[in-house]
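What follows is the content of query_4.txt (compact mmCIF, C-alpha atoms).
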```txt
# COMPACT_ATOMS: atom_id res chain seq x y z
CA MET J 1 99.95 124.74 137.01
CA GLU J 2 97.00 122.37 137.06
CA SER J 3 94.51 122.31 139.90
CA THR J 4 91.24 120.56 140.55
CA LEU J 5 88.60 122.01 142.85
CA LYS J 6 85.08 120.99 143.69
CA LEU J 7 83.21 124.26 144.07
CA ASN J 8 79.66 124.82 145.16
CA THR J 9 77.41 127.38 143.51
CA THR J 10 78.15 130.14 146.00
CA GLU J 11 81.90 129.72 145.72
CA THR J 12 81.69 129.81 141.93
CA VAL J 13 79.61 132.99 141.92
CA VAL J 14 82.01 134.70 144.33
CA LEU J 15 85.05 133.76 142.24
CA LEU J 16 83.42 134.91 139.01
CA SER J 17 82.42 138.20 140.62
CA ALA J 18 85.96 138.77 141.84
CA LEU J 19 87.41 137.99 138.41
CA ASN J 20 84.98 140.38 136.72
CA ILE J 21 86.47 143.35 138.61
CA ILE J 22 90.06 142.49 137.69
CA THR J 23 91.44 144.38 134.71
CA LEU J 24 94.52 142.78 133.19
CA LYS J 25 96.35 143.01 129.92
CA GLY J 26 98.34 140.59 127.80
CA SER J 27 98.97 137.02 128.83
CA ASP J 28 97.51 137.58 132.30
CA ALA J 29 94.18 138.55 130.72
CA LYS J 30 94.17 135.31 128.76
CA ILE J 31 94.78 133.30 131.94
CA VAL J 32 91.97 135.09 133.78
CA ALA J 33 89.59 134.65 130.83
CA ASN J 34 90.40 130.94 130.72
CA LEU J 35 89.74 130.66 134.45
CA GLN J 36 86.42 132.49 134.06
CA TYR J 37 85.42 130.11 131.27
CA LYS J 38 86.23 127.08 133.43
CA LEU J 39 84.36 128.51 136.42
CA GLU J 40 81.30 129.20 134.28
CA ALA J 41 81.40 125.58 133.10
CA VAL J 42 81.55 124.40 136.72
CA GLN J 43 78.64 126.70 137.56
CA GLN J 44 76.55 125.18 134.76
CA GLN J 45 77.39 121.66 135.95
CA ASN J 46 76.36 122.56 139.50
CA LEU J 47 73.06 123.99 138.27
CA LYS J 48 72.33 120.86 136.23
CA LYS J 49 73.09 118.65 139.26
CA GLU J 50 70.81 120.74 141.48
CA GLU J 51 68.01 120.61 138.90
CA ALA J 52 68.39 116.83 138.57
CA GLU J 53 68.23 116.42 142.35
CA GLU J 54 65.12 118.60 142.56
CA GLN J 55 63.46 116.66 139.75
CA LYS J 56 64.32 113.38 141.49
CA LYS J 57 62.75 114.66 144.72
CA GLU J 58 59.62 115.80 142.87
CA ASP J 59 59.31 112.47 141.06
CA SER J 60 59.76 110.57 144.32
CA PHE J 61 57.15 112.71 146.05
CA THR J 62 54.68 112.27 143.17
CA GLU J 63 55.28 108.51 143.18
CA MET J 64 54.73 108.38 146.94
CA ILE J 65 51.44 110.27 146.65
CA ASN J 66 50.15 108.28 143.68
CA GLY J 67 51.49 104.90 144.75
```
Show me, as structure tokens, the structure contained in the file I just sent.
Amino acid sequence: MESTLKLNTTETVVLLSALNIITLKGSDAKIVANLQYKLEAVQQQNLKKEEAEEQKKEDSFTEMING
């Protein structure tokens, strides 16, 4: 099953926290580990986007003050 979700930072943290308390064995553990890996990648992307937006705001503010 393939699914695409756009998750915000809070949703990603909640899902990762929930998956961390699940204890599974065998093939189910592999599926959960793969999901955790994908969620962590999404979390990193969200953080990078937020940092880029903050930097853009700071640059715009600095330009407004200096210009």
Checklist entry - For the atom pair CA of Lys56 in chain J and CA of Glu40 in chain J, what is the interatomic distance in Å to one decimal place? => result 24.3 Å
Padding 6 Å on every side, please: axis-aligned box over the listed atoms of range 22-33 of chain J, centre and edge lengths to one decimal in Å, as lines of an AutoDock Vina configuration file.
```
center_x = 94.3
center_y = 138.8
center_z = 132.7
size_x = 21.4
size_y = 23.1
size_z = 21.9
```
Next on the checklist: Quick one: residues within 10 Å of Lys6 in chain J, all atoms listed in the file, excluding same-chain residues fewer than 5 positions away - as a PyMOL selection string?
Outcome noted: chain J and resi 11-12+42+46
Next on the checklist: As an exercise, work out the distance from CA of Ile65 in chain J to CA of Ala52 in chain J in Å and give it to one decimal place.
Outcome noted: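 These atoms are spaced 19.9 Å apart.
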Item to check | For Leu7 in chain J, the nearest of the candidates J:Asn20, J:Asp28, J:Ala41, J:Ala33, counting all atoms listed in the file | outcome: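 Closest residue, counting all atoms listed in the file: J:Ala41.
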Checklist entry - Skipping near chain neighbours, those fewer than 6 positions away, what residues fall within 12 Å of Thr10 in chain J using all atoms listed in the file, listed as a ChimeraX atom specification? => result /J:16-17,39,42-43,46-47
Checklist entry - So how far away is CA of Ala18 in chain J from CA of Gln36 in chain J, in Å? => result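 Computing the Euclidean distance for CA of Gln36 in chain J and CA of Ala18 in chain J yields 10.0 Å.
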